[in-house]
Protein chains: 4
Amino acid sequence: MKIRLLAITQPLVPDIQNCEQLIEYAGRKCTNTCSKTGKDTARFVRQRIDESHLTLLEHIQFTFEIDGISRACLAQLTRHRIASFSVQSQRYVKQNNQAVVMPESIKNNPFANMIFEHLIEYCFSAYTKLLDAGILPEDARFVLPMAICTDLIMSMNLREILHFLELRTSEKSQWEIRELANQIKEIVHSYCPNVI
Amino acid sequence: MKIRLLAITQPLVPDIQNCEQLIEYAGRKCTNTCSKTGKDTARFVRQRIDESHLTLLEHIQFTFEIDGISRACLAQLTRHRIASFSVQSQRYVKQNNQAVVMPESIKNNPFANMIFEHLIEYCFSAYTKLLDAGILPEDARFVLPMAICTDLIMSMNLREILHFLELRTSEKSQWEIRELANQIKEIVHSYCPNVI
Amino acid sequence: MKIRLLAITQPLVPDIQNCEQLIEYAGRKCTNTCSKTGKDTARFVRQRIDESHLTLLEHIQFTFEIDGISRACLAQLTRHRIASFSVQSQRYVKQNNQAVVMPESIKNNPFANMIFEHLIEYCFSAYTKLLDAGILPEDARFVLPMAICTDLIMSMNLREILHFLELRTSEKSQWEIRELANQIKEIVHSYCPNVI
Amino acid sequence: MKIRLLAITQPLVPDIQNCEQLIEYAGRKCTNTCSKTGKDTARFVRQRIDESHLTLLEHIQFTFEIDGISRACLAQLTRHRIASFSVQSQRYVKQNNQAVVMPESIKNNPFANMIFEHLIEYCFSAYTKLLDAGILPEDARFVLPMAICTDLIMSMNLREILHFLELRTSEKSQWEIRELANQIKEIVHSYCPNVI
């Protein structure tokens with residue numbers, strides 16, 4: 001799994017220096033006190049979050065490149081509906097690269113490890129044979145395993161990121177999406193330390 | 001694939017007899033002419049759609065039970081974000097039932113057919129061995145193929161259904177989600193013949 | 001203010017008797033235990049809410065007719081974006097009916113009461129004069145006061161209703177939308193007593 | 001009316017130079033051809049829009065400061081639900097500034113003009129008297145006219161902007177929101193000339 005921050009909301013005016021000041025400016029618009037922006041942004045932002053005035057966080061959007069997650073993880077990720085996804089298409093892209101995600105529990109169990117590796121090899125071999133037999137990628141992919149890696153671009157606003165992190169960094173969350181959530185948390189924290 | 005209409009928006013007041021009259025009533029609320037509802041509903045509804053006054057359609061919601069679609073199809077389906085999904089969990093439910101979706105192109109090609117059937121059998125065998133080796137279902141499922149069947153409940157409002165059908169009944173759409181869309185179209189048509 | 005429940009999601013199959021059983025059925029779809037639906041729905045529904053499995057509530061949608069709220073209240077109401085609104089148009093409908101909402105604090109203060117009543121009368125008189133002078137309703141309405149009554153249809157799913165009630169029945173909420181929220185709460189409670 | 005672009009999605013990596021290249025990069029992610037980004041961005045972006053692959057546009061978000069629109073216009077604007085609004089609160093902010101929007105049709109009609117100006121003056125006078133009588137701003141505002149100016153911050157992604165402009169720059173749209181839409185169009189065009 002490799003996460004890269006591709007883009008972020010960038011203020012363009014001199015009275016707003018960074019993301020948290022944009023949150024403050026929007027919050028101060030509601031009370032007609034924009035001119036005070038930047039005096040004590042940290043405190044202002046924390047107070048709004050404590051009051052659950054979370055709409056303010058929607059003005060900040062992050063765009064991530066997420067490479068090498070399993071289709072199982074993707075299915076969980078795309079259940080977050082307040083986000084935008086551009087996902088590598090298995091209908092049109094031939095899966096030449098045999099990259100897969102192997103769960104730790106399987107990696108650490110020699111017997112399970114062996115079963116897993118044989119199965120994956122067999123899946124890709126079947127996939128290739130189906131293509132050779134004239135089956136289109138969109139149908140051949142039915143034999144690919146859930147472990148197969150996929151790449152995507154995801155944009156999510158800061159309010160939904162907060163909600164995503166709350167759900168997905170929890171202990172009940174599955175390990176793969178938890179790892180993803182933790183990496184996102186670290187990135188977002190460096191831009192918005194008073195939110196995350 | 002088996003689709004069943006589980007529930008639909010039902011008017012509760014005597015002045016509104018059915019779904020299309022509810023659409024009309026909401027439309028007439030905008031122009032303060034509710035008392036005319038039911039005189040010529042078909043024409044009223046068609047005119048609003050021609051004018052793209054589509055919000056009116058959001059007052060009608062359908063709930064479908066969709067059984068036996070592949071994970072490949074599910075991934076396409078859940079990309080429609082203005083809808084609500086309750087999907088069978090592969091994390092918690094053991095996949096004892098070896099149901100899969102086989103594409104027509106594979107069914108009609110004896111060699112591809114053989115490859116496919118062997119592969120599926122091998123996947124389920126590996127899945128069972130992983131469970132027997134103490135791997136949890138949430139990790140064992142990484143060896144399951146995209147062809148595996150899943151069941152779900154989906155609620156979607158009539159405006160989004162219209163948009164869904166426009167995209168998914170087209171020739172460019174993949175055969176499995178196109179079949180799903182066509183079945184949904186037929187069901188919805190019987191309730192809202194002037195919309196669909 | 002007058003609220004009427006116009007429509008609600010209605011199950012159509014014999015194994016689901018009411019809204020809460022539909023929530024249960026959808027929840028049991030996730031764990032492949034649908035056949036147990038109806039045995040102890042109250043407990044099942046409460047447990048899912050305790051676990052924050054709130055997507056299940058989205059399968060139930062309510063449609064309300066809301067008559068006689070102020071434009072001030074409407075502005076707050078339409079900030080709830082996960083809902084569908086059909087609102088009486090001030091662009092196209094002439095406001096003959098001089099209905100307004102008078103806040104209690106003004107009603108109970110004889111001086112304020114007098115100011116208010118004179119002002120409202122003056123507004124409608126100006127509005128009528130503008131129409132008589134050939135100004136279109138869409139421009140004449142600029143002199144109408146925020147107190148003016150409006151009517152609308154609103155559809156909202158049960159998850160968003162839960163969120164709406166949490167925010168709008170609180171003491172910090174304004175009295176008019178709080179009254180609206182309390183009436184909605186009572187209606188929804190009678191259909192889904194284990195949710196609300 | 002005064003519109004200012006406060007912030008915009010900004011790429012952070014060397015292989016993506018501007019907004020349209022980010023759209024291209026996301027589009028190329030789907031077909032695994034990211035490395036070609038920047039060769040002929042204009043053509044790529046136009047083709048995706050022609051194919052209605054509009055999700056790609058959601059990766060770009062604009063944040064506008066919109067000052068001096070009427071409450072009538074605000075009500076239309078906030079009906080666009082796929083957007084984030086931070087609006088000056090009439091509950092908490094005293095409306096000292098008597099700024100209003102006067103429609104052209106009224107401005108150009110001396111009799112209507114006089115009616116309008118007297119009415120507005122009377123409204124603000126009543127508002128002030130109510131405050132002086134101890135009525136809170138949240139109740140006193142019921143006498144304010146729809147013409148009153150409000151300020152807000154709005155964030156909207158490029159896909160929704162495209163939809164917004166389609167609806168609101170049309171001849172059927174009201175003049176005030178049409179003027180707003182035209183100003184937004186000009187701003188967005190300078191950043192994404194191949195989209196708008």
# chains A, B, ... in the order shown; residues from 1 in each chain; ligands from 1
call {"tool": "closest_atom_pairs", "arguments": {"of": "chain D", "to": "chain C", "cutoff": "6 Å", "atoms": "only C-alpha atoms", "output": "Markdown table"}}
result
| residue | atom | partner | partner_atom | distance |
| --- | --- | --- | --- | --- |
| D:Arg81 | CA | C:Arg81 | CA | 5.2 |
| D:Ala112 | CA | C:Leu130 | CA | 5.7 |
| D:Leu130 | CA | C:Ala112 | CA | 5.7 |
| D:Phe142 | CA | C:Ala147 | CA | 4.5 |
| D:Val143 | CA | C:Pro145 | CA | 5.2 |
| D:Leu144 | CA | C:Pro145 | CA | 5.3 |
| D:Pro145 | CA | C:Pro145 | CA | 4.2 |
| D:Met146 | CA | C:Phe142 | CA | 4.8 |
| D:Ala147 | CA | C:Phe142 | CA | 4.5 |
call {"tool": "write_last_selection", "arguments": {"atoms": "N, CA and C atoms", "output": "PDB file, in the first residue's frame"}}
result
ATOM      1  N   ARG D  81     -27.543  20.996  -3.331  1.00  0.00           N
ATOM      2  CA  ARG D  81     -27.180  20.269  -2.117  1.00  0.00           C
ATOM      3  C   ARG D  81     -25.762  19.718  -2.127  1.00  0.00           C
ATOM      4  N   ALA D 112     -42.412  52.358  -8.427  1.00  0.00           N
ATOM      5  CA  ALA D 112     -42.017  51.141  -7.716  1.00  0.00           C
ATOM      6  C   ALA D 112     -40.780  51.414  -6.860  1.00  0.00           C
ATOM      7  N   LEU D 130     -37.710  46.846  17.436  1.00  0.00           N
ATOM      8  CA  LEU D 130     -37.913  45.553  18.102  1.00  0.00           C
ATOM      9  C   LEU D 130     -36.708  45.208  18.977  1.00  0.00           C
ATOM     10  N   PHE D 142     -37.609  38.611  11.808  1.00  0.00           N
ATOM     11  CA  PHE D 142     -38.829  38.233  11.083  1.00  0.00           C
ATOM     12  C   PHE D 142     -39.418  39.412  10.290  1.00  0.00           C
ATOM     13  N   VAL D 143     -39.033  40.638  10.661  1.00  0.00           N
ATOM     14  CA  VAL D 143     -39.542  41.790   9.900  1.00  0.00           C
ATOM     15  C   VAL D 143     -38.588  42.238   8.791  1.00  0.00           C
ATOM     16  N   LEU D 144     -37.449  41.585   8.666  1.00  0.00           N
ATOM     17  CA  LEU D 144     -36.519  41.975   7.599  1.00  0.00           C
ATOM     18  C   LEU D 144     -37.048  41.490   6.249  1.00  0.00           C
ATOM     19  N   PRO D 145     -36.774  42.245   5.186  1.00  0.00           N
ATOM     20  CA  PRO D 145     -37.310  41.869   3.870  1.00  0.00           C
ATOM     21  C   PRO D 145     -36.402  40.876   3.153  1.00  0.00           C
ATOM     22  N   MET D 146     -36.976  40.163   2.191  1.00  0.00           N
ATOM     23  CA  MET D 146     -36.205  39.201   1.381  1.00  0.00           C
ATOM     24  C   MET D 146     -35.071  39.902   0.625  1.00  0.00           C
ATOM     25  N   ALA D 147     -35.187  41.216   0.438  1.00  0.00           N
ATOM     26  CA  ALA D 147     -34.183  41.975  -0.316  1.00  0.00           C
ATOM     27  C   ALA D 147     -32.874  42.125   0.449  1.00  0.00           C
TER      28      ALA D 147
END
call {"tool": "residues_around", "arguments": {"residues": "Val13 in chain B", "least_positions_apart": "2", "cutoff": "8 Å", "atoms": "only C-alpha atoms", "output": "PyMOL selection string"}}
result
(chain B and resi 11+15-17) or (chain C and resi 6-7)
call {"tool": "residues_around", "arguments": {"residues": "Lys39 in chain D", "least_positions_apart": "6", "cutoff": "12 Å", "atoms": "only C-alpha atoms", "output": "PyMOL selection string"}}
result
chain D and resi 15-17+20-21+24-25+28+33+45
call {"tool": "residues_around", "arguments": {"residues": "Gln47 in chain A", "least_positions_apart": "4", "cutoff": "12 Å", "atoms": "only C-alpha atoms", "output": "PDB file with N, CA and C atoms, in the first residue's frame"}}
result
ATOM      1  N   ILE A  23     -10.694  27.540   7.281  1.00  0.00           N
ATOM      2  CA  ILE A  23     -11.786  27.064   8.154  1.00  0.00           C
ATOM      3  C   ILE A  23     -12.224  28.197   9.087  1.00  0.00           C
ATOM      4  N   GLU A  24     -11.237  28.883   9.665  1.00  0.00           N
ATOM      5  CA  GLU A  24     -11.568  29.982  10.578  1.00  0.00           C
ATOM      6  C   GLU A  24     -12.321  31.093   9.838  1.00  0.00           C
ATOM      7  N   GLY A  27     -15.811  30.194   9.292  1.00  0.00           N
ATOM      8  CA  GLY A  27     -16.541  30.243  10.558  1.00  0.00           C
ATOM      9  C   GLY A  27     -16.843  31.682  10.968  1.00  0.00           C
ATOM     10  N   ASP A  40      -5.877  33.772  16.490  1.00  0.00           N
ATOM     11  CA  ASP A  40      -5.711  32.552  17.292  1.00  0.00           C
ATOM     12  C   ASP A  40      -6.519  31.433  16.639  1.00  0.00           C
ATOM     13  N   THR A  41      -6.005  31.024  15.485  1.00  0.00           N
ATOM     14  CA  THR A  41      -6.717  30.055  14.653  1.00  0.00           C
ATOM     15  C   THR A  41      -6.929  28.734  15.377  1.00  0.00           C
ATOM     16  N   ALA A  42      -5.898  28.255  16.059  1.00  0.00           N
ATOM     17  CA  ALA A  42      -5.978  26.945  16.702  1.00  0.00           C
ATOM     18  C   ALA A  42      -7.171  26.873  17.654  1.00  0.00           C
ATOM     19  N   ARG A  43      -7.298  27.886  18.505  1.00  0.00           N
ATOM     20  CA  ARG A  43      -8.380  27.883  19.481  1.00  0.00           C
ATOM     21  C   ARG A  43      -9.747  27.976  18.793  1.00  0.00           C
ATOM     22  N   GLU A  51     -18.171  22.343  19.185  1.00  0.00           N
ATOM     23  CA  GLU A  51     -19.591  22.686  19.023  1.00  0.00           C
ATOM     24  C   GLU A  51     -20.243  21.913  17.875  1.00  0.00           C
ATOM     25  N   SER A  52     -19.491  21.009  17.262  1.00  0.00           N
ATOM     26  CA  SER A  52     -19.991  20.238  16.106  1.00  0.00           C
ATOM     27  C   SER A  52     -20.381  21.115  14.924  1.00  0.00           C
ATOM     28  N   HIS A  53     -19.731  22.254  14.768  1.00  0.00           N
ATOM     29  CA  HIS A  53     -19.973  23.076  13.575  1.00  0.00           C
ATOM     30  C   HIS A  53     -19.068  22.537  12.466  1.00  0.00           C
ATOM     31  N   LEU A  54     -19.400  21.321  11.994  1.00  0.00           N
ATOM     32  CA  LEU A  54     -18.477  20.577  11.136  1.00  0.00           C
ATOM     33  C   LEU A  54     -18.549  20.968   9.661  1.00  0.00           C
ATOM     34  N   LEU A  56     -17.923  23.609   8.390  1.00  0.00           N
ATOM     35  CA  LEU A  56     -16.735  24.420   8.083  1.00  0.00           C
ATOM     36  C   LEU A  56     -15.611  23.575   7.501  1.00  0.00           C
ATOM     37  N   ASN A 194      -4.995  20.939  14.278  1.00  0.00           N
ATOM     38  CA  ASN A 194      -6.032  21.226  15.269  1.00  0.00           C
ATOM     39  C   ASN A 194      -7.367  20.563  14.957  1.00  0.00           C
ATOM     40  N   VAL A 195      -7.417  19.900  13.806  1.00  0.00           N
ATOM     41  CA  VAL A 195      -8.652  19.183  13.449  1.00  0.00           C
ATOM     42  C   VAL A 195      -8.481  17.695  13.745  1.00  0.00           C
TER      43      VAL A 195
END
call {"tool": "residues_around", "arguments": {"residues": "range 150-167 of chain D", "least_positions_apart": "5", "cutoff": "6 Å", "atoms": "only C-alpha atoms", "output": "JSON, numbers by chain"}}
result
{"A": [59], "D": [57, 58, 60, 61, 62, 63, 64, 65, 66, 67, 68, 69, 83, 84, 85, 86, 87, 88, 181]}
call {"tool": "select_by_dssp", "arguments": {"residues": "chain B", "states": "alpha helix (DSSP H)", "output": "count of residues only"}}
result
89
call {"tool": "decode", "arguments": {"residues": "range 133-167 of chain D", "atoms": "N, CA and C atoms", "output": "PDB file, in the first residue's frame"}}
result
ATOM      1  N   ALA D 133     -36.818  47.187  21.994  1.00  0.00           N
ATOM      2  CA  ALA D 133     -37.861  46.712  22.912  1.00  0.00           C
ATOM      3  C   ALA D 133     -37.465  45.403  23.584  1.00  0.00           C
ATOM      4  N   GLY D 134     -36.212  44.962  23.341  1.00  0.00           N
ATOM      5  CA  GLY D 134     -35.721  43.779  24.034  1.00  0.00           C
ATOM      6  C   GLY D 134     -35.930  42.468  23.288  1.00  0.00           C
ATOM      7  N   ILE D 135     -36.415  42.562  22.051  1.00  0.00           N
ATOM      8  CA  ILE D 135     -36.572  41.346  21.241  1.00  0.00           C
ATOM      9  C   ILE D 135     -35.184  40.906  20.741  1.00  0.00           C
ATOM     10  N   LEU D 136     -34.904  39.609  20.777  1.00  0.00           N
ATOM     11  CA  LEU D 136     -33.615  39.108  20.311  1.00  0.00           C
ATOM     12  C   LEU D 136     -33.504  39.218  18.785  1.00  0.00           C
ATOM     13  N   PRO D 137     -32.263  39.358  18.273  1.00  0.00           N
ATOM     14  CA  PRO D 137     -32.099  39.417  16.811  1.00  0.00           C
ATOM     15  C   PRO D 137     -32.770  38.250  16.089  1.00  0.00           C
ATOM     16  N   GLU D 138     -32.734  37.048  16.682  1.00  0.00           N
ATOM     17  CA  GLU D 138     -33.306  35.885  15.998  1.00  0.00           C
ATOM     18  C   GLU D 138     -34.816  36.009  15.800  1.00  0.00           C
ATOM     19  N   ASP D 139     -35.483  36.801  16.627  1.00  0.00           N
ATOM     20  CA  ASP D 139     -36.921  37.034  16.426  1.00  0.00           C
ATOM     21  C   ASP D 139     -37.192  38.341  15.677  1.00  0.00           C
ATOM     22  N   ALA D 140     -36.379  39.362  15.965  1.00  0.00           N
ATOM     23  CA  ALA D 140     -36.567  40.651  15.294  1.00  0.00           C
ATOM     24  C   ALA D 140     -36.411  40.506  13.778  1.00  0.00           C
ATOM     25  N   ARG D 141     -35.548  39.604  13.346  1.00  0.00           N
ATOM     26  CA  ARG D 141     -35.300  39.454  11.907  1.00  0.00           C
ATOM     27  C   ARG D 141     -36.550  39.048  11.118  1.00  0.00           C
ATOM     28  N   PHE D 142     -37.609  38.611  11.808  1.00  0.00           N
ATOM     29  CA  PHE D 142     -38.829  38.233  11.083  1.00  0.00           C
ATOM     30  C   PHE D 142     -39.418  39.412  10.290  1.00  0.00           C
ATOM     31  N   VAL D 143     -39.033  40.638  10.661  1.00  0.00           N
ATOM     32  CA  VAL D 143     -39.542  41.790   9.900  1.00  0.00           C
ATOM     33  C   VAL D 143     -38.588  42.238   8.791  1.00  0.00           C
ATOM     34  N   LEU D 144     -37.449  41.585   8.666  1.00  0.00           N
ATOM     35  CA  LEU D 144     -36.519  41.975   7.599  1.00  0.00           C
ATOM     36  C   LEU D 144     -37.048  41.490   6.249  1.00  0.00           C
ATOM     37  N   PRO D 145     -36.774  42.245   5.186  1.00  0.00           N
ATOM     38  CA  PRO D 145     -37.310  41.869   3.870  1.00  0.00           C
ATOM     39  C   PRO D 145     -36.402  40.876   3.153  1.00  0.00           C
ATOM     40  N   MET D 146     -36.976  40.163   2.191  1.00  0.00           N
ATOM     41  CA  MET D 146     -36.205  39.201   1.381  1.00  0.00           C
ATOM     42  C   MET D 146     -35.071  39.902   0.625  1.00  0.00           C
ATOM     43  N   ALA D 147     -35.187  41.216   0.438  1.00  0.00           N
ATOM     44  CA  ALA D 147     -34.183  41.975  -0.316  1.00  0.00           C
ATOM     45  C   ALA D 147     -32.874  42.125   0.449  1.00  0.00           C
ATOM     46  N   ILE D 148     -32.902  41.841   1.737  1.00  0.00           N
ATOM     47  CA  ILE D 148     -31.725  42.122   2.568  1.00  0.00           C
ATOM     48  C   ILE D 148     -30.513  41.314   2.105  1.00  0.00           C
ATOM     49  N   CYS D 149     -29.358  41.967   2.170  1.00  0.00           N
ATOM     50  CA  CYS D 149     -28.120  41.346   1.709  1.00  0.00           C
ATOM     51  C   CYS D 149     -27.573  40.360   2.726  1.00  0.00           C
ATOM     52  N   THR D 150     -26.960  39.321   2.208  1.00  0.00           N
ATOM     53  CA  THR D 150     -26.257  38.389   3.076  1.00  0.00           C
ATOM     54  C   THR D 150     -24.925  38.027   2.421  1.00  0.00           C
ATOM     55  N   ASP D 151     -23.994  37.560   3.269  1.00  0.00           N
ATOM     56  CA  ASP D 151     -22.658  37.185   2.813  1.00  0.00           C
ATOM     57  C   ASP D 151     -22.439  35.712   3.137  1.00  0.00           C
ATOM     58  N   LEU D 152     -21.662  35.059   2.319  1.00  0.00           N
ATOM     59  CA  LEU D 152     -21.414  33.635   2.590  1.00  0.00           C
ATOM     60  C   LEU D 152     -20.137  33.139   1.940  1.00  0.00           C
ATOM     61  N   ILE D 153     -19.714  31.967   2.376  1.00  0.00           N
ATOM     62  CA  ILE D 153     -18.630  31.225   1.728  1.00  0.00           C
ATOM     63  C   ILE D 153     -19.267  29.972   1.135  1.00  0.00           C
ATOM     64  N   MET D 154     -18.938  29.657  -0.095  1.00  0.00           N
ATOM     65  CA  MET D 154     -19.474  28.450  -0.733  1.00  0.00           C
ATOM     66  C   MET D 154     -18.347  27.647  -1.377  1.00  0.00           C
ATOM     67  N   SER D 155     -18.286  26.368  -1.059  1.00  0.00           N
ATOM     68  CA  SER D 155     -17.368  25.477  -1.766  1.00  0.00           C
ATOM     69  C   SER D 155     -18.190  24.534  -2.625  1.00  0.00           C
ATOM     70  N   MET D 156     -17.712  24.320  -3.836  1.00  0.00           N
ATOM     71  CA  MET D 156     -18.448  23.469  -4.775  1.00  0.00           C
ATOM     72  C   MET D 156     -17.422  22.779  -5.681  1.00  0.00           C
ATOM     73  N   ASN D 157     -17.649  21.497  -5.943  1.00  0.00           N
ATOM     74  CA  ASN D 157     -16.703  20.842  -6.842  1.00  0.00           C
ATOM     75  C   ASN D 157     -17.056  21.150  -8.298  1.00  0.00           C
ATOM     76  N   LEU D 158     -16.095  20.884  -9.173  1.00  0.00           N
ATOM     77  CA  LEU D 158     -16.214  21.324 -10.562  1.00  0.00           C
ATOM     78  C   LEU D 158     -17.362  20.639 -11.288  1.00  0.00           C
ATOM     79  N   ARG D 159     -17.678  19.402 -10.908  1.00  0.00           N
ATOM     80  CA  ARG D 159     -18.804  18.706 -11.549  1.00  0.00           C
ATOM     81  C   ARG D 159     -20.105  19.422 -11.221  1.00  0.00           C
ATOM     82  N   GLU D 160     -20.293  19.763  -9.942  1.00  0.00           N
ATOM     83  CA  GLU D 160     -21.513  20.438  -9.527  1.00  0.00           C
ATOM     84  C   GLU D 160     -21.550  21.868 -10.086  1.00  0.00           C
ATOM     85  N   ILE D 161     -20.376  22.503 -10.201  1.00  0.00           N
ATOM     86  CA  ILE D 161     -20.329  23.837 -10.818  1.00  0.00           C
ATOM     87  C   ILE D 161     -20.853  23.763 -12.258  1.00  0.00           C
ATOM     88  N   LEU D 162     -20.411  22.739 -12.987  1.00  0.00           N
ATOM     89  CA  LEU D 162     -20.858  22.557 -14.370  1.00  0.00           C
ATOM     90  C   LEU D 162     -22.386  22.455 -14.410  1.00  0.00           C
ATOM     91  N   HIS D 163     -22.940  21.675 -13.507  1.00  0.00           N
ATOM     92  CA  HIS D 163     -24.393  21.491 -13.425  1.00  0.00           C
ATOM     93  C   HIS D 163     -25.087  22.788 -13.006  1.00  0.00           C
ATOM     94  N   PHE D 164     -24.495  23.460 -12.022  1.00  0.00           N
ATOM     95  CA  PHE D 164     -25.017  24.742 -11.542  1.00  0.00           C
ATOM     96  C   PHE D 164     -25.066  25.758 -12.675  1.00  0.00           C
ATOM     97  N   LEU D 165     -23.987  25.844 -13.445  1.00  0.00           N
ATOM     98  CA  LEU D 165     -23.931  26.827 -14.532  1.00  0.00           C
ATOM     99  C   LEU D 165     -24.944  26.502 -15.627  1.00  0.00           C
ATOM    100  N   GLU D 166     -25.097  25.220 -15.903  1.00  0.00           N
ATOM    101  CA  GLU D 166     -26.062  24.802 -16.923  1.00  0.00           C
ATOM    102  C   GLU D 166     -27.463  25.296 -16.560  1.00  0.00           C
ATOM    103  N   LEU D 167     -27.851  25.084 -15.282  1.00  0.00           N
ATOM    104  CA  LEU D 167     -29.176  25.522 -14.831  1.00  0.00           C
ATOM    105  C   LEU D 167     -29.276  27.033 -14.717  1.00  0.00           C
TER     106      LEU D 167
END
